[in-house]
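K.L.:
So here's upload15.csv (CSV, C-alpha atoms and all ligand atoms).
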```csv
chain,number,residue,atom,x,y,z
A,1,MET,CA,-2.7,-23.4,3.1
A,2,SER,CA,-1.2,-23.8,6.6
A,3,ASP,CA,2.6,-23.8,7.1
A,4,GLY,CA,2.2,-27.6,7.9
A,5,ALA,CA,0.4,-28.2,4.6
A,6,THR,CA,3.2,-26.6,2.6
A,7,GLY,CA,5.5,-29.3,3.9
A,8,ALA,CA,3.0,-32.1,3.8
A,9,HIS,CA,2.3,-32.5,0.2
A,10,ARG,CA,5.7,-33.6,-1.1
A,11,PRO,CA,6.7,-36.2,1.5
A,12,ALA,CA,3.4,-38.0,1.7
A,13,PRO,CA,0.9,-36.9,-1.0
A,14,PRO,CA,-1.9,-39.3,-0.1
A,15,ALA,CA,-1.7,-38.2,3.5
A,16,PHE,CA,-1.9,-34.6,2.4
A,17,PHE,CA,-4.9,-35.4,0.3
A,18,LEU,CA,-6.7,-37.5,3.0
A,19,HIS,CA,-6.1,-34.8,5.6
A,20,ALA,CA,-7.4,-32.1,3.3
A,21,VAL,CA,-10.5,-34.1,2.7
A,22,ALA,CA,-11.0,-34.9,6.3
A,23,ALA,CA,-10.6,-31.2,7.1
A,24,GLY,CA,-13.1,-30.2,4.5
A,25,GLY,CA,-10.5,-28.6,2.4
A,26,LEU,CA,-11.4,-30.3,-0.8
A,27,ARG,CA,-15.1,-29.9,-0.7
A,28,GLY,CA,-17.1,-31.1,-3.7
A,29,LEU,CA,-15.0,-34.2,-4.3
A,30,PRO,CA,-16.5,-37.6,-3.7
A,31,PRO,CA,-15.4,-39.0,-0.4
A,32,PRO,CA,-12.4,-41.3,-1.2
A,33,VAL,CA,-12.1,-43.0,2.1
A,34,PRO,CA,-14.6,-44.4,4.6
A,35,ASP,CA,-16.0,-42.2,7.3
A,36,ASP,CA,-14.0,-43.8,10.0
A,37,VAL,CA,-10.8,-42.1,8.9
A,38,SER,CA,-10.0,-39.6,11.6
A,39,GLY,CA,-9.3,-36.0,10.7
A,40,PRO,CA,-6.6,-33.7,12.1
A,41,ALA,CA,-8.8,-32.4,14.9
A,42,ALA,CA,-9.7,-35.8,16.1
A,43,ALA,CA,-6.1,-37.0,15.7
A,44,ALA,CA,-4.8,-34.1,17.7
A,45,GLN,CA,-6.9,-35.3,20.7
A,46,GLY,CA,-6.2,-39.0,20.4
A,47,ALA,CA,-3.6,-41.6,20.6
A,48,ALA,CA,-3.2,-41.7,16.8
A,49,LEU,CA,-1.3,-38.5,16.9
A,50,GLY,CA,1.5,-40.2,18.8
A,51,ALA,CA,2.9,-39.8,22.2
A,52,HIS,CA,5.9,-38.0,21.0
A,53,LEU,CA,3.8,-35.2,19.5
A,54,LEU,CA,1.6,-35.0,22.6
A,55,ARG,CA,4.7,-34.7,24.7
A,56,ARG,CA,6.0,-31.9,22.5
A,57,GLN,CA,2.7,-30.1,22.6
A,58,ARG,CA,2.5,-30.2,26.4
A,59,ALA,CA,6.0,-29.0,26.9
A,60,GLN,CA,5.5,-26.2,24.3
A,61,ARG,CA,2.2,-25.1,25.8
A,62,ALA,CA,3.6,-24.9,29.3
A,63,ALA,CA,6.6,-22.9,28.2
A,64,THR,CA,4.3,-20.6,26.3
A,65,LEU,CA,2.0,-20.1,29.2
A,66,VAL,CA,4.8,-19.2,31.5
A,67,GLY,CA,6.3,-16.8,29.0
A,68,GLY,CA,3.0,-15.0,28.6
A,69,GLY,CA,1.9,-14.9,32.2
A,70,PRO,CA,2.5,-12.2,34.9
A,71,ILE,CA,6.1,-11.7,35.8
A,72,GLU,CA,5.8,-13.1,39.3
A,73,GLN,CA,4.5,-16.3,37.9
A,74,ARG,CA,7.4,-16.8,35.4
A,75,VAL,CA,9.3,-19.2,37.5
A,76,PRO,CA,10.6,-22.7,36.7
A,77,GLN,CA,8.3,-24.3,39.3
A,78,ARG,CA,5.2,-22.9,37.6
A,79,ALA,CA,6.4,-24.2,34.2
A,80,ALA,CA,6.7,-27.7,35.7
A,81,ALA,CA,3.3,-27.4,37.4
A,82,LEU,CA,1.6,-26.2,34.2
A,83,LEU,CA,3.0,-29.1,32.3
A,84,ARG,CA,1.7,-31.5,34.8
A,85,LEU,CA,-1.7,-29.8,34.7
A,86,LEU,CA,-1.9,-29.9,30.9
A,87,TRP,CA,-0.7,-33.4,30.6
A,88,VAL,CA,-2.8,-36.1,28.9
A,89,ASP,CA,-2.2,-39.8,29.1
A,90,GLU,CA,-3.4,-40.7,25.6
A,91,GLY,CA,-0.8,-42.3,23.4
A,92,PHE,CA,1.3,-43.9,26.2
A,93,ARG,CA,1.5,-47.7,26.8
A,94,ASP,CA,0.1,-47.3,30.3
A,95,GLY,CA,-0.1,-44.9,33.2
A,96,GLU,CA,3.3,-45.7,34.5
A,97,GLN,CA,5.0,-44.8,31.2
A,98,SER,CA,2.9,-41.7,30.9
A,99,TYR,CA,4.0,-40.6,34.5
A,100,ARG,CA,7.7,-41.1,33.7
A,101,TRP,CA,7.4,-39.0,30.5
A,102,ARG,CA,5.3,-36.4,32.3
A,103,GLU,CA,8.0,-36.0,34.9
A,104,ARG,CA,10.7,-35.8,32.3
A,105,GLY,CA,8.7,-33.1,30.5
A,106,ALA,CA,8.3,-31.2,33.8
A,107,ARG,CA,12.0,-31.2,34.4
A,108,MET,CA,12.6,-30.1,30.8
A,109,ALA,CA,10.2,-27.2,31.1
A,110,HIS,CA,11.6,-26.3,34.6
A,111,ASP,CA,15.2,-26.1,33.3
A,112,TYR,CA,14.3,-24.2,30.2
A,113,VAL,CA,12.4,-21.5,32.0
A,114,ALA,CA,15.2,-21.2,34.6
A,115,HIS,CA,17.3,-19.7,31.9
A,116,LEU,CA,14.7,-17.1,30.7
A,117,ASP,CA,14.7,-13.5,31.8
A,118,PRO,CA,11.3,-13.1,33.5
A,119,ALA,CA,11.2,-9.4,32.7
A,120,ALA,CA,11.6,-10.0,29.0
A,121,GLU,CA,8.1,-9.4,27.6
A,122,PRO,CA,7.3,-11.4,24.6
A,123,ARG,CA,5.5,-9.5,21.8
A,124,GLY,CA,3.3,-12.5,21.4
A,125,VAL,CA,2.8,-16.2,22.4
A,126,GLU,CA,1.1,-18.7,20.2
A,127,ARG,CA,0.5,-15.8,17.9
A,128,SER,CA,-1.4,-16.5,14.7
A,129,VAL,CA,0.1,-15.0,11.6
A,130,ALA,CA,-1.0,-15.0,8.0
A,131,ALA,CA,0.1,-13.5,4.7
A,132,ARG,CA,-0.5,-13.6,1.0
A,133,THR,CA,2.0,-13.8,-1.8
A,134,GLU,CA,1.3,-13.7,-5.5
A,135,ALA,CA,0.3,-17.3,-5.6
A,136,LEU,CA,-0.2,-18.4,-2.0
A,137,ALA,CA,-2.2,-17.5,1.1
A,138,PHE,CA,-0.8,-19.1,4.2
A,139,SER,CA,-1.3,-19.0,7.9
A,140,GLY,CA,0.4,-20.5,11.0
A,141,ARG,CA,1.0,-20.0,14.7
A,142,VAL,CA,4.3,-18.7,16.1
A,143,ASP,CA,5.3,-20.2,19.5
A,144,ARG,CA,6.8,-16.9,20.6
A,145,LEU,CA,7.4,-13.6,19.0
A,146,ASP,CA,10.1,-11.4,20.7
A,147,ASP,CA,10.7,-7.7,20.1
A,148,ARG,CA,14.4,-7.1,20.5
A,149,ASP,CA,15.6,-3.6,19.8
A,150,GLY,CA,12.8,-2.8,17.5
A,151,GLU,CA,13.1,-6.0,15.5
A,152,LEU,CA,10.8,-9.0,15.7
A,153,VAL,CA,12.3,-12.5,16.3
A,154,VAL,CA,10.4,-15.7,15.6
A,155,VAL,CA,11.0,-18.3,18.3
A,156,ASP,CA,10.0,-21.9,17.7
A,157,TYR,CA,10.3,-24.6,20.5
A,158,LYS,CA,11.7,-28.0,19.8
A,159,THR,CA,11.7,-31.0,22.1
A,160,GLY,CA,13.0,-33.8,19.9
A,161,ARG,CA,16.0,-36.0,20.7
A,162,ARG,CA,18.3,-34.4,18.1
A,163,PRO,CA,19.7,-31.0,19.0
A,164,VAL,CA,18.8,-28.3,16.5
A,165,THR,CA,21.4,-26.6,14.3
A,166,ASP,CA,21.6,-23.2,12.7
A,167,ASP,CA,21.0,-24.9,9.4
A,168,ASP,CA,17.7,-26.3,10.7
A,169,ALA,CA,16.7,-22.7,11.5
A,170,ARG,CA,17.8,-21.4,8.1
A,171,SER,CA,16.3,-24.1,6.0
A,172,SER,CA,12.9,-24.2,7.8
A,173,PRO,CA,10.2,-23.0,5.4
A,174,ALA,CA,7.7,-22.5,8.3
A,175,LEU,CA,10.1,-20.1,10.1
A,176,ALA,CA,10.8,-18.1,7.0
A,177,LEU,CA,7.1,-17.7,6.2
A,178,TYR,CA,6.4,-16.8,9.9
A,179,ALA,CA,9.0,-14.1,9.6
A,180,LEU,CA,7.5,-12.7,6.5
A,181,ALA,CA,4.0,-12.8,7.9
A,182,ALA,CA,4.9,-11.3,11.3
A,183,GLY,CA,6.9,-8.5,9.7
A,184,ARG,CA,4.0,-7.6,7.4
A,185,MET,CA,1.3,-7.8,10.1
A,186,LEU,CA,3.1,-5.9,12.8
A,187,ARG,CA,4.9,-3.5,10.3
A,188,GLN,CA,8.3,-4.2,11.9
A,189,PRO,CA,11.5,-5.8,10.5
A,190,CYS,CA,11.5,-9.5,11.2
A,191,ARG,CA,14.6,-11.3,9.9
A,192,ARG,CA,15.8,-13.4,12.8
A,193,VAL,CA,14.4,-16.9,13.4
A,194,GLU,CA,15.3,-19.1,16.3
A,195,LEU,CA,14.8,-22.8,17.3
A,196,HIS,CA,14.9,-23.3,21.0
A,197,HIS,CA,15.7,-26.9,21.9
A,198,VAL,CA,14.0,-27.2,25.2
A,199,PRO,CA,15.8,-30.4,26.5
A,200,SER,CA,19.3,-28.9,26.0
A,201,GLY,CA,18.6,-25.2,26.1
A,202,ARG,CA,20.5,-24.8,22.8
A,203,VAL,CA,19.3,-22.0,20.5
A,204,ALA,CA,19.9,-22.3,16.8
A,205,ALA,CA,19.4,-19.1,14.8
A,206,ALA,CA,19.4,-17.7,11.3
A,207,GLU,CA,19.2,-14.2,10.0
A,208,HIS,CA,17.1,-14.1,6.9
A,209,THR,CA,17.4,-11.6,4.1
A,210,GLU,CA,14.7,-10.6,1.6
A,211,ALA,CA,16.4,-12.9,-0.9
A,212,SER,CA,16.4,-15.9,1.4
A,213,ILE,CA,12.7,-15.4,2.4
A,214,ALA,CA,11.8,-15.0,-1.3
A,215,ARG,CA,13.5,-18.4,-2.0
A,216,HIS,CA,11.4,-20.0,0.7
A,217,VAL,CA,8.2,-18.3,-0.7
A,218,ARG,CA,9.0,-19.6,-4.2
A,219,ARG,CA,9.4,-23.2,-2.8
A,220,ALA,CA,6.1,-22.9,-0.8
A,221,GLU,CA,4.4,-21.6,-3.9
A,222,SER,CA,5.7,-24.5,-5.9
A,223,VAL,CA,4.4,-27.0,-3.3
A,224,ALA,CA,1.0,-25.2,-3.3
A,225,ALA,CA,0.9,-25.3,-7.2
A,226,ASP,CA,1.6,-29.1,-7.1
A,227,ALA,CA,-1.3,-29.6,-4.7
A,228,VAL,CA,-3.6,-27.4,-6.8
A,229,ARG,CA,-2.7,-29.3,-10.0
A,230,ALA,CA,-3.3,-32.6,-8.3
A,231,THR,CA,-6.6,-31.5,-6.9
A,232,GLU,CA,-7.8,-30.2,-10.3
A,233,ALA,CA,-6.7,-33.4,-11.9
A,234,LEU,CA,-8.7,-35.3,-9.3
A,235,ARG,CA,-11.8,-33.1,-10.0
A,236,ALA,CA,-11.4,-33.9,-13.7
A,237,GLY,CA,-11.6,-37.6,-12.9
A,238,GLU,CA,-8.0,-38.6,-12.4
A,239,ASP,CA,-7.4,-41.8,-10.3
A,240,PRO,CA,-6.5,-40.6,-6.8
A,241,GLN,CA,-3.5,-43.0,-6.8
A,242,ARG,CA,-2.1,-41.1,-9.8
A,243,ALA,CA,-3.1,-37.6,-8.7
A,244,PHE,CA,-1.6,-38.1,-5.2
A,245,PRO,CA,1.0,-40.9,-5.7
A,246,PRO,CA,2.2,-42.6,-2.5
A,247,SER,CA,5.6,-41.7,-1.2
A,248,PRO,CA,6.3,-44.4,1.4
A,249,GLY,CA,8.8,-43.9,4.1
A,250,PRO,CA,9.6,-44.6,7.8
A,251,LEU,CA,6.6,-42.4,8.9
A,252,CYS,CA,4.2,-44.8,7.2
A,253,SER,CA,4.4,-47.0,10.3
A,254,TRP,CA,2.6,-44.2,12.2
A,255,CYS,CA,0.4,-42.8,9.5
A,256,ASP,CA,-3.3,-42.3,10.3
A,257,PHE,CA,-4.2,-43.5,6.8
A,258,ARG,CA,-2.1,-46.6,6.4
A,259,SER,CA,-5.1,-48.9,6.5
A,260,HIS,CA,-6.2,-47.3,3.2
A,261,CYS,CA,-2.7,-47.3,1.7
A,262,PRO,CA,-1.2,-50.6,0.5
A,263,GLU,CA,2.2,-48.9,-0.3
A,264,GLY,CA,2.4,-47.6,3.2
A,265,GLN,CA,1.6,-51.0,4.7
A,266,ALA,CA,4.3,-52.5,2.5
A,267,ALA,CA,6.8,-49.9,3.7
A,268,GLY,CA,6.9,-51.2,7.3
A,269,PRO,CA,4.9,-52.7,10.2
A,270,GLU,CA,2.3,-50.7,12.0
A,271,ARG,CA,3.8,-49.1,15.2
A,272,GLN,CA,2.2,-48.2,18.4
A,273,PRO,CA,2.2,-44.5,19.3
A,274,TRP,CA,4.7,-45.0,22.1
A,275,ASP,CA,7.1,-47.0,20.0
A,276,ALA,CA,8.7,-43.7,18.9
A,277,LEU,CA,9.6,-42.8,22.5
A,278,GLY,CA,12.5,-45.2,23.0
A,279,ASP,CA,13.8,-45.6,26.5
A,280,GLU,CA,14.3,-42.0,27.4
A,281,GLY,CA,11.4,-41.9,29.8
A,282,ASP,CA,12.9,-44.9,31.6
A,283,GLU,CA,16.0,-43.1,32.7
A,284,ASP,CA,14.9,-42.6,36.3
A,301,LIG,S1,1.0,-44.7,4.7
A,301,LIG,FE1,2.8,-43.6,3.9
A,301,LIG,S2,2.5,-43.4,1.7
A,301,LIG,FE2,0.5,-44.0,2.6
A,301,LIG,S3,-0.5,-42.0,3.0
A,301,LIG,FE3,0.6,-42.5,4.9
A,301,LIG,S4,2.6,-41.6,4.7
A,301,LIG,FE4,1.7,-41.5,2.6
```
Spit out the file's structure as C-alpha cells when you get a sec.
P.N.:
Amino acid sequence: MSDGATGAHRPAPPAFFLHAVAAGGLRGLPPPVPDDVSGPAAAAQGAALGAHLLRRQRAQRAATLVGGGPIEQRVPQRAAALLRLLWVDEGFRDGEQSYRWRERGARMAHDYVAHLDPAAEPRGVERSVAARTEALAFSGRVDRLDDRDGELVVVDYKTGRRPVTDDDARSSPALALYALAAGRMLRQPCRRVELHHVPSGRVAAAEHTEASIARHVRRAESVAADAVRATEALRAGEDPQRAFPPSPGPLCSWCDFRSHCPEGQAAGPERQPWDALGDEGDED
C-alpha cells in the first residue's frame, strides 16, 4: 500500500477501488468499469490530473533537482530554468494561462532556492522508502531527506494556497510513515518532519516520538484493514456499491471516475482541471 493509498480509502472508497483496479492491485476481480477509465499512470500524464497538481509536481521537481545537483548549479536562476524546462501545458485552459502559471512557478522556485544553503548536502532527494509493520507494508517517496547533526529530517514540499502549519506536519500520516521507514532503512534516528511551503518560504515542523509514530501506524493499519475487508467482501460476491460505498464531497467535481459514480455526479457539477486555479496566475 502506498502512502497515498492509506489516505485514499476513507474519503473516497469507490475512487480507491477504481484506482486499485486500474493499477492492477486487485487482480482476479471482474472488471467493474469499462476499459476507458484511465489509471493513475495515465492520469499523471494528462489533463485529468488537474493543472494544480501538475503545477505542484513541476515546482517540486525543479526544487528537488536543484537541491540534488552540483553545488555550483544550486542557484535560484537554475531552479527557475529547470521549472520552465520541465513544464507541461496539459490541464490549462490555453497556452496563455499555462505561460502565466509557468512564470509564477518559476518565481516561486527561484525565491525558495534563494533561501537554501547551497553547501547543505541532502541525504536524499525523491528518495523511495518502504517499511513493514505487523499488519501493513507501505512505500512512498520523500521529497528531500536531510541529515542534520546525525538525525534524519523528512522534508515535504507544498505549493498550495494555504500556508502550512505545525499541526499539518504533526498530523500527516505520510510524513510519520516516511520518518519510520527512513529511520529503519538508513539506521538513523528520524523524528523531525517538515513541510516547506514553497510560495511563502514558511517551514512547518513536528518532532515525532515513538508513541506518535505508533499512533499513525495504527491508523494506517486500520485504513488498510478496511480496504482488505472490503476487497474480500467483493471477492465473495458483495455488491461493489456496498463494499466501497461512495463518500461524495467537493473533490467529486474533479474525480476521474465521476462518470461511473451517480452519487459523485449528484454532489456537484463537473469542473475543468483549471477551475481549481482561481485567478492567482492572472496577477501579472
Ligand atoms: S465521484 Fe466522488 S464519491 Fe464517486 S468515486 Fe469519485 S470521489 Fe468517490
K.L.:
Residues within 8 Å of Arg144 (chain A), please, as JSON, numbers by chain. Count only C-alpha atoms; anything in the same chain fewer than 3 positions from it doesn't count.
P.N.:
{"A": [64, 122, 123, 124, 125, 126, 127, 154, 155, 156]}
K.L.:
Using CA of Tyr112 (chain A) and CA of Pro70 (chain A) as the two end points, give the distance in Å to one decimal.
P.N.:
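It comes out at 17.5 Å.
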K.L.:
Would you work out the distance separating CA of Arg191 (chain A) from CA of Glu134 (chain A), expressed in Å to one decimal?
P.N.:
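Taking CA of Arg191 (chain A) as the start and CA of Glu134 (chain A) as the end point, the length is 20.5 Å.
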K.L.:
Between A:Val193, A:Leu85, A:Ala80, A:Val129, which residue has the minimum interatomic distance to Asp111 (chain A), considering all atoms listed in the file?
P.N.:
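Distance minimum relative to Asp111 (chain A) lands on A:Ala80.
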K.L.:
Looking at A:Ala176, A:Ala224, A:Leu195, A:Val164, which one is nearest to Asp143 (chain A), with distances taken over only C-alpha atoms?
P.N.:
A:Leu195
K.L.:
Between CA of Val217 (chain A) and CA of Leu145 (chain A), what is the distance, to one decimal in Å?
P.N.:
20.3 Å
K.L.:
Set the distance at 10 Å and use only C-alpha atoms: which residues neighbour Glu207 (chain A) once local chain neighbours fewer than 3 positions away are removed? I'd like the list as a list in words.
P.N.:
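Contacts, with the query itself left out: Val153, Asp166, Ala169, Arg170, Ala176, Cys190, Arg191, Arg192, Val193, Glu194 and Ser212 of chain A.
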K.L.:
At a cut-off of 12 Å around the point (11.7, -32.4, 36.3) (file coordinates), what residues fall inside when counting all atoms listed in the file? I'd like the answer as a list in words.
P.N.:
Ala59, Pro76, Gln77, Arg78, Ala79, Ala80, Ala81, Leu83, Arg84, Tyr99, Arg100, Trp101, Arg102, Glu103, Arg104, Gly105, Ala106, Arg107, Met108, Ala109, His110, Asp111, Tyr112, Val113, Ala114, Pro199, Gly281 and Asp284 of chain A
K.L.:
Using all atoms listed in the file - which residues lie no farther than 9 Å from the point (4.7, -12.8, -3.8) in the file's frame? Write them as a ChimeraX atom specification.
P.N.:
/A:132-136,214,217-218,221
K.L.:
For ligand LIG 301 (chain A), which of A:Asp89, A:Asp275, A:Asp256, A:Glu210 is the closest residue, counting only C-alpha atoms and all ligand atoms?
P.N.:
A:Asp256
K.L.:
Between A:Ser247, A:Thr209, A:Gln97, A:Ser259, which one has atoms that come closest to ligand LIG 301 (chain A), using only C-alpha atoms and all ligand atoms?
P.N.:
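Using only C-alpha atoms and all ligand atoms, the shortest distance to ligand LIG 301 (chain A) belongs to A:Ser247.
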K.L.:
Using all atoms listed in the file, pick whichever of A:Asp226, A:Glu270, A:Glu151, A:Glu263 has the shortest atom-to-atom distance to ligand LIG 301 (chain A).
P.N.:
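Checking each of A:Asp226, A:Glu270, A:Glu151, A:Glu263 against ligand LIG 301 (chain A), counting all atoms listed in the file, the winner is A:Glu263.
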K.L.:
Compare A:Val142, A:Leu116, A:Ala267, A:Ala227 by their minimum atom-to-atom distance to Tyr157 (chain A), counting all atoms listed in the file, and give me the closest one.
P.N.:
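When distances to Tyr157 (chain A) are compared using all atoms listed in the file, the smallest one comes from A:Val142.
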K.L.:
Write out as a list of chain:residue names which residues come within 12 Å of Arg162 (chain A) when counting only C-alpha atoms, dropping same-chain ones fewer than 6 positions away.
P.N.:
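In the requested form, the answer reads A:Asp168, A:His196, A:His197, A:Val198, A:Pro199, A:Ser200, A:Arg202.
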K.L.:
Could you list, as a ChimeraX atom specification, every residue within 9 Å of Ala181 (chain A), counting all atoms listed in the file and ignoring same-chain residues fewer than 2 positions away?
P.N.:
/A:129-132,138-139,176-179,183-186,190
K.L.:
With only C-alpha atoms as the counted atoms, please give the residues lying no more than 8 Å from Ile71 (chain A), apart from itself and same-chain residues fewer than 2 positions off, as a VMD selection string.
P.N.:
chain A and resid 69 73 to 74 118 to 119
K.L.:
Limited to C-alpha atoms, could you put the picked residues into a file as an mmCIF file, keeping the file's coordinate frame?
P.N.:
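Output contents, as saved in selection23.cif:
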```cif
data_model
loop_
_atom_site.group_PDB
_atom_site.id
_atom_site.type_symbol
_atom_site.label_atom_id
_atom_site.label_comp_id
_atom_site.auth_asym_id
_atom_site.auth_seq_id
_atom_site.Cartn_x
_atom_site.Cartn_y
_atom_site.Cartn_z
ATOM 1 C CA GLY A 69 1.900 -14.900 32.200
ATOM 2 C CA GLN A 73 4.500 -16.300 37.900
ATOM 3 C CA ARG A 74 7.400 -16.800 35.400
ATOM 4 C CA PRO A 118 11.300 -13.100 33.500
ATOM 5 C CA ALA A 119 11.200 -9.400 32.700
#
```
